[in-house]
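*Asks:* Before I ask anything, here is the structure I am working with.
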2 protein chains.
Amino acid sequence: MNKKLLHLPLIFCLFLSVLPTFSIFSQAADAENEDAFFIRHIHDAALIQGKSYPWLYHLTKKIGARLAGSPQAAAAVEYTRQMLDTLGLDSVWLQPCMVPHWVRGEREVVRIAQSSMGTVDLNALAIGNSIGTGSDGISAEVVEVQNFEMLEKLGAAKLKGKIVFFNRPFDPTQLNTFAAYGGAVDQRAYGASEAAKYGSIGVVVRSMASGLNDDPHTGGLAYREGMPKIPAVAISTNDAELLSSLLKLSPVTIYMRTNCQSFPDKQSFNVIGEIRGSEKPDEIILVGGHLDSWDVGEGAHDDGTGCVQSMDVLQLFKRLNYKPKRTIRCVLFMNEENGLMGGRTYGDEAKRKGEFHLAAIESDRGGFTPRGFTVDGETEVFSKKFPAMQPWLTLLEPYGLRIKKGGGGADISPLKTQGTLLIGYEPDSQRYFDYHHTAADVFETVNKRELELGTAAMTSLVFLIDKYGLNQD
Amino acid sequence: MNKKLLHLPLIFCLFLSVLPTFSIFSQAADAENEDAFFIRHIHDAALIQGKSYPWLYHLTKKIGARLAGSPQAAAAVEYTRQMLDTLGLDSVWLQPCMVPHWVRGEREVVRIAQSSMGTVDLNALAIGNSIGTGSDGISAEVVEVQNFEMLEKLGAAKLKGKIVFFNRPFDPTQLNTFAAYGGAVDQRAYGASEAAKYGSIGVVVRSMASGLNDDPHTGGLAYREGMPKIPAVAISTNDAELLSSLLKLSPVTIYMRTNCQSFPDKQSFNVIGEIRGSEKPDEIILVGGHLDSWDVGEGAHDDGTGCVQSMDVLQLFKRLNYKPKRTIRCVLFMNEENGLMGGRTYGDEAKRKGEFHLAAIESDRGGFTPRGFTVDGETEVFSKKFPAMQPWLTLLEPYGLRIKKGGGGADISPLKTQGTLLIGYEPDSQRYFDYHHTAADVFETVNKRELELGTAAMTSLVFLIDKYGLNQD
């Protein structure tokens with residue numbers, strides 16, 4: 001060993017002992033420099049020694065789509081538990097939860113059976129939670145509507161026995177594509193029950209997509225209590241345009257056959273790992289994503305990326321030998337897509353145990369280039385804790401990160417009433433709805449650096465919350 | 001016509017006549033609201049009525065790669081001229097320029113001929129401007145180096161008659177990938193002449209890429225005066241890793257055969273269109289990209305996107321019926337990739353004619369999601385005009401746009417000494433060097449919304465410069 005190195009700690013102590021003679025101002029400046037330095041370290045480590053990308057490779061390419069209740073979901077639980085086990089955390093465990101078990105079955109057929117163009121097979125996917133049509137399928141004339149008000153105007157006279165085609169597109173002028181999604185998704189979520197009110201026998205929904213292409217987008221629907229359940233499918237945006245054009249020329253009949261079924265609930269798990277805090281172990285900072293995905297594609301952006309980023313936050317802290325004051329907990333939630341049973345179970349258990357989550361950060365908007373964070377909470381929590389984050393903006397700005405008011409995330413939402421500040425990781429949104437809930441949501445669409453920079457952004461924010469807490473001075 | 005509409009102008013005049021009684025402060029606020037309103041209009045129009053995407057489709061899919069001097073470059077000149085002709089501009093013209101004419105010829109062969117693994121064909125592209133090897137090819141032992149200092153240390157004793165392998169990768173910790181490119185590109189640009197100093201007979205360069213994959217990246221080299229010209233190729237980053245591993249085990253011989261040739265200069269053109277200013281027609285605001293590309297892929301991000309965005313700025317102003325005070329000129333430069341003759345000719349002609357370019361905006365960093373603008377200029381120009389842009393930040397921030405010091409662009413650089421403020425459009429950089437100068441730089445990698453938001457960003461800045469000029473009050 002080089003003997004000169006032995007003197008370093010002494011020199012360091014001498015240096016530190018000089019510091020208190022500086023002014024408060026320069027102490028604050030030193031702390032800010034130190035923070036900037038550590039955040040830079042976090043980014044370097046994420047880009048050079050991050051595990052997000054290889055973990056995502058395994059989750060998408062070796063396991064693939066992993067709908068709650070499927071064998072792949074079970075494999076994802078086991079794989080991520082094993083990976084967390086390799087990190088030397090203070091604890092890793094599985095939290096049981098019961099989840100719905102919906103199965104698509106044999107590939108659906110959605111066909112324009114009669115039109116001025118003859119017969120055309122459409123690119124379609126049954127919507128999740130939908131009932132199947134039965135093996136004979138159903139066939140009926142199609143009525144196009146843009147929204148529920150149009151349904152009401154048409155009424156049973158025009159809709160009874162028909163298939164309703166919901167065709168309201170995303171508003172392209174919404175800068176954030178999640179706002180466009182929010183403005184259209186009622187058609188997929190509640191279209192079936194709304195159409196059933198008037199005696200319709202099935203529903204075809206224009207895919208929830210930013211642009212025109214051939215990929216149908218699945219997703220969940222909710223049947224309203226007391227309404228007959230009718231089958232629902234989503235067709236690609238290109239096919240929605242085609243169907244709409246044909247309807248302008250002459251009546252169109254659609255044949256659809258879907259083979260989906262719901263089975264009794266199954267047991268599954270949230271996967272959890274944590275580093276216990278050294279000073280305030282009872283203040284938990286949660287970071288998470290959801291482990292399940294829809295049953296097509298590989299669940300890459302939704303939400304493989306959020307899971308591996310959350311795991312990587314812990315990996316980076318261990319690698320950088322960071323000893324948190326507070327408990328940093330990674331939670332991979334099960335069943336966000338069709339039931340939220342992982343998130344609900346987690347919230348219930350936290351309440352039952354009297355756990356306090358200071359903040360919860362969810363990454364569930366894709367693995368794209370970072371833009372910042374959106375923050376939510378009950379009025380009193382938000383108004384106290386959001387301002388505490390403002391001094392950090394200068395540290396985050398060099399990485400293109402902003403903090404603003406906005407949604408947290410579905411899985412962490414049950415913590416809202418427990419005094420938790422909810423934080424959504426916000427990547428750039430432009431490409432998300434090209435892939436969301438489609439066969440195209442695969443590993444190849446994730447850029448390694450964009451993913452890793454997202455990991456670094458989340459790790460940096462967790463570091464600041466851990467170091468400073470969320471109470472303004 | 002609805003008679004009620006006839007009363008609107010009168011009502012509007014009455015409303016305006018009330019305004020002057022407001023305070024200066026509220027006038028300023030009104031102007032800012034009006035600007036915000038127009039910038040929102042620009043974005044809506046770009047997203048709904050933009051032409052960038054269909055124009056890019058034609059340029060990439062119907063014309064394709066368009067190296068200066070190629071028939072495709074001529075087709076691109078003609079196509080973009082015709083598209084500008086459809087816009088009802090005040091003038092559209094071609095500016096002649098002489099350009100180098102380099103041709104790749106038959107596909108190159110780069111092969112590990114002897115190694116502990118036997119023979120392996122590598123994914124390679126001759127580097128632009130390189131001489132060919134002759135039809136027999138060349139064969140020699142390989143020496144790996146990281147930089148020119150290592151070359152000097154090894155000297156002629158170790159390098160004479162050898163093929164030099166430059167293998168310094170991008171620094172992954174650079175947040176902006178252009179900085180990583182800047183730190184590695186000397187190997188491609190000057191490696192051949194540096195190796196030739198010591199009697200080497202050929203050069204293999206690790207591709208200028210952010211990550212590991214199989215795509216070789218071409219690009220330009222410059223032979224230094226008085227040095228022997230030796231052939232140079234780029235190999236994929238995966239193959240660079242392989243070659244480096246094999247070199248650790250035992251000596252490696254490479255065989256390379258390239259068929260590139262340089263021919264006499266050819267005439268080509270910059271394509272120009274403009275809307276003449278109503279108040280200050282002699283103050284030109286230039287917006288542009290480069291029409292040529294390398295000869296592989298489709299020149300989508302480099303720089304089809306910059307061209308169609310620049311054309312679309314004029315299209316949007318015409319569509320929105322905006323009458324600029326100053327002259328707005330779109331310039332599609334020829335030959336940025338291997339000579340910059342379009343940019344140089346344009347700069348020379350501007351000087352000769354005594355034209356004054358108040359600002360020039362270049363888009364040549366890909367068609368990715370907008371981040372803002374980087375600004376450059378001669379010291380006095382920059383220090384006067386950069387501050388004039390600061391009041392606009394609040395207008396641009398809602399679109400995620402920042403303005404900071406940084407490069408303008410290669411094509412507009414000759415205007416720097418003519419008092420022009422140079423501005424580079426800055427999209428997110430993370431994915432650019434996945435595609436740059438490769439066969440993978442194709443239309444499908446461009447996201448329609450990201451492209452259109454870039455167009456809107458550029459149009460918004462041109463609007464502000466046109467309306468307010470660049471002199472601080």
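In the structure tokens, the first chain shown is A, the next is B, and so on; residue numbers restart at 1 for each chain, and ligands run from 1 in the order shown.
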Using only C-alpha atoms, find each residue in chain A having at least one atom no more than 7 Å away from chain B; report its shortest atom-to-atom pair and that distance in Å (one decimal), rows by chain then rising number, as a Markdown table.

*Replies:*
```
| residue | atom | partner | partner_atom | distance |
| --- | --- | --- | --- | --- |
| A:Asp44 | CA | B:Thr173 | CA | 5.2 |
| A:Leu47 | CA | B:Thr173 | CA | 6.2 |
| A:Ile48 | CA | B:Pro172 | CA | 6.8 |
| A:Pro172 | CA | B:Leu47 | CA | 6.3 |
| A:Thr173 | CA | B:Asp44 | CA | 5.2 |
| A:Gln430 | CA | B:Arg449 | CA | 6.4 |
| A:Arg449 | CA | B:Gln430 | CA | 6.4 |
| A:Glu450 | CA | B:Gln430 | CA | 6.4 |
```

*Asks:* As a list in words, please: the residues near range 393-397 of chain B (cut-off 8 Å, only C-alpha atoms, same-chain neighbours under 3 positions excluded).

*Replies:*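 In the requested format, the answer is Glu32, Asp35, Ala36, Ile39, Met389, Gln390, Gly400, Leu401, Arg402 and Ile403 of chain B.
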
*Asks:* To one decimal place, how far is CA of Gly347 in chain B from CA of Thr420 in chain B in Å?

*Replies:*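 Straight-line distance from CA of Gly347 in chain B to CA of Thr420 in chain B works out to 10.9 Å.
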
*Asks:* Env of Ile131 in chain A: 10 Å cut, atoms = only C-alpha atoms, seq-sep filter 5 positions within chain, self excluded. Answer as a list in words.

*Replies:*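 Using only C-alpha atoms, the neighbours found are Trp102, Val103, Arg104, Ala126, Tyr223, Lys229, Ile230, Pro231, Ala232, Thr258, Asn259, Cys260, Gln261 and Ser262 of chain A.
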
*Asks:* List the neighbours of range 356-363 of chain A out to 6 Å using only C-alpha atoms; skip same-chain residues closer than 6 positions along the sequence, and give me the result as an mmCIF file with N, CA and C atoms, in the first residue's frame.

*Replies:*
```
data_model
loop_
_atom_site.group_PDB
_atom_site.id
_atom_site.type_symbol
_atom_site.label_atom_id
_atom_site.label_comp_id
_atom_site.auth_asym_id
_atom_site.auth_seq_id
_atom_site.Cartn_x
_atom_site.Cartn_y
_atom_site.Cartn_z
ATOM 1 N N GLU A 283 -39.337 6.808 8.375
ATOM 2 C CA GLU A 283 -39.790 7.640 7.255
ATOM 3 C C GLU A 283 -39.383 6.929 5.974
ATOM 4 N N ILE A 284 -40.389 6.445 5.255
ATOM 5 C CA ILE A 284 -40.110 5.647 4.060
ATOM 6 C C ILE A 284 -40.192 6.522 2.811
ATOM 7 N N ILE A 285 -39.184 6.390 1.954
ATOM 8 C CA ILE A 285 -39.250 6.983 0.618
ATOM 9 C C ILE A 285 -39.418 5.824 -0.350
ATOM 10 N N LEU A 286 -40.561 5.776 -0.985
ATOM 11 C CA LEU A 286 -40.870 4.654 -1.883
ATOM 12 C C LEU A 286 -40.543 5.036 -3.321
ATOM 13 N N VAL A 287 -40.006 4.091 -4.062
ATOM 14 C CA VAL A 287 -39.805 4.289 -5.497
ATOM 15 C C VAL A 287 -40.297 3.018 -6.178
ATOM 16 N N GLY A 288 -41.115 3.165 -7.227
ATOM 17 C CA GLY A 288 -41.702 1.958 -7.795
ATOM 18 C C GLY A 288 -42.267 2.102 -9.188
ATOM 19 N N GLY A 289 -42.634 0.938 -9.719
ATOM 20 C CA GLY A 289 -43.321 0.829 -11.006
ATOM 21 C C GLY A 289 -44.212 -0.393 -10.912
ATOM 22 N N GLY A 306 -40.157 1.264 -15.708
ATOM 23 C CA GLY A 306 -40.353 1.802 -14.355
ATOM 24 C C GLY A 306 -39.865 0.848 -13.278
ATOM 25 N N GLY A 409 -49.157 8.686 -9.646
ATOM 26 C CA GLY A 409 -49.169 7.390 -10.324
ATOM 27 C C GLY A 409 -50.259 6.533 -9.717
ATOM 28 N N THR A 420 -48.784 11.130 2.385
ATOM 29 C CA THR A 420 -47.614 10.945 1.513
ATOM 30 C C THR A 420 -47.615 11.955 0.368
ATOM 31 N N LEU A 421 -46.434 12.494 0.051
ATOM 32 C CA LEU A 421 -46.291 13.300 -1.148
ATOM 33 C C LEU A 421 -46.104 12.339 -2.319
ATOM 34 N N LEU A 422 -46.986 12.441 -3.315
ATOM 35 C CA LEU A 422 -46.937 11.536 -4.461
ATOM 36 C C LEU A 422 -46.206 12.215 -5.611
ATOM 37 N N ILE A 423 -45.258 11.501 -6.203
ATOM 38 C CA ILE A 423 -44.422 12.090 -7.244
ATOM 39 C C ILE A 423 -44.396 11.161 -8.451
ATOM 40 N N GLY A 424 -44.733 11.704 -9.611
ATOM 41 C CA GLY A 424 -44.639 10.931 -10.852
ATOM 42 C C GLY A 424 -43.372 11.305 -11.593
ATOM 43 N N TYR A 425 -42.568 10.304 -11.945
ATOM 44 C CA TYR A 425 -41.418 10.578 -12.814
ATOM 45 C C TYR A 425 -41.967 10.924 -14.187
#
```

*Asks:* Please provide the set of residues having any atom within 12 Å of Leu243 in chain B, restricted to only C-alpha atoms, with same-chain residues fewer than 4 positions apart removed, written as a compact mmCIF listing (two decimals) with C-alpha atoms, in the first residue's frame.

*Replies:*
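Result file around16.txt:
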```txt
# COMPACT_ATOMS: atom_id res chain seq x y z
CA VAL B 110 -13.22 -5.61 -44.14
CA ARG B 111 -12.21 -8.97 -42.77
CA ILE B 112 -10.25 -10.33 -39.86
CA ALA B 113 -8.06 -12.59 -41.98
CA GLN B 114 -5.96 -14.15 -39.22
CA SER B 115 -6.75 -14.34 -35.54
CA SER B 116 -7.22 -16.86 -32.75
CA MET B 117 -10.85 -17.02 -33.86
CA GLY B 118 -10.02 -17.51 -37.53
CA THR B 119 -11.67 -15.38 -40.19
CA VAL B 120 -14.47 -12.91 -39.41
CA ASP B 121 -16.17 -10.44 -41.76
CA LEU B 122 -16.74 -7.09 -40.07
CA ASN B 123 -19.61 -4.63 -40.50
CA GLU B 141 -1.24 -6.74 -38.96
CA VAL B 142 -3.37 -4.49 -36.79
CA VAL B 143 -2.16 -2.16 -34.01
CA GLU B 144 -4.79 -0.76 -31.64
CA VAL B 164 -3.93 1.24 -37.26
CA PHE B 165 -7.13 0.56 -35.29
CA PHE B 166 -8.48 3.66 -33.50
CA ASN B 167 -10.71 2.40 -30.71
CA VAL B 204 -9.81 1.08 -39.10
CA VAL B 205 -11.88 3.38 -36.88
CA ARG B 206 -14.43 2.45 -34.19
CA ILE B 235 -16.40 -0.69 -38.23
CA SER B 236 -19.40 -1.17 -35.96
CA THR B 237 -18.92 -0.72 -32.22
CA ASN B 238 -19.72 -4.42 -31.64
CA ASP B 239 -17.00 -5.36 -34.13
CA LEU B 247 -5.94 -8.42 -30.17
CA LYS B 248 -5.54 -9.19 -26.48
CA LEU B 249 -5.14 -12.89 -27.34
CA SER B 250 -2.80 -12.92 -30.34
CA PRO B 251 -1.76 -10.89 -33.38
CA VAL B 252 -4.57 -10.09 -35.83
CA THR B 253 -4.30 -9.49 -39.56
CA ILE B 254 -6.96 -7.51 -41.37
```

*Asks:* Taking 4 positions as the minimum chain separation for residues in the same chain, which residues sit within 12 Å of Gly226 in chain A when counting only C-alpha atoms? Answer as a PyMOL selection string.

*Replies:* chain A and resi 193-194+196-197
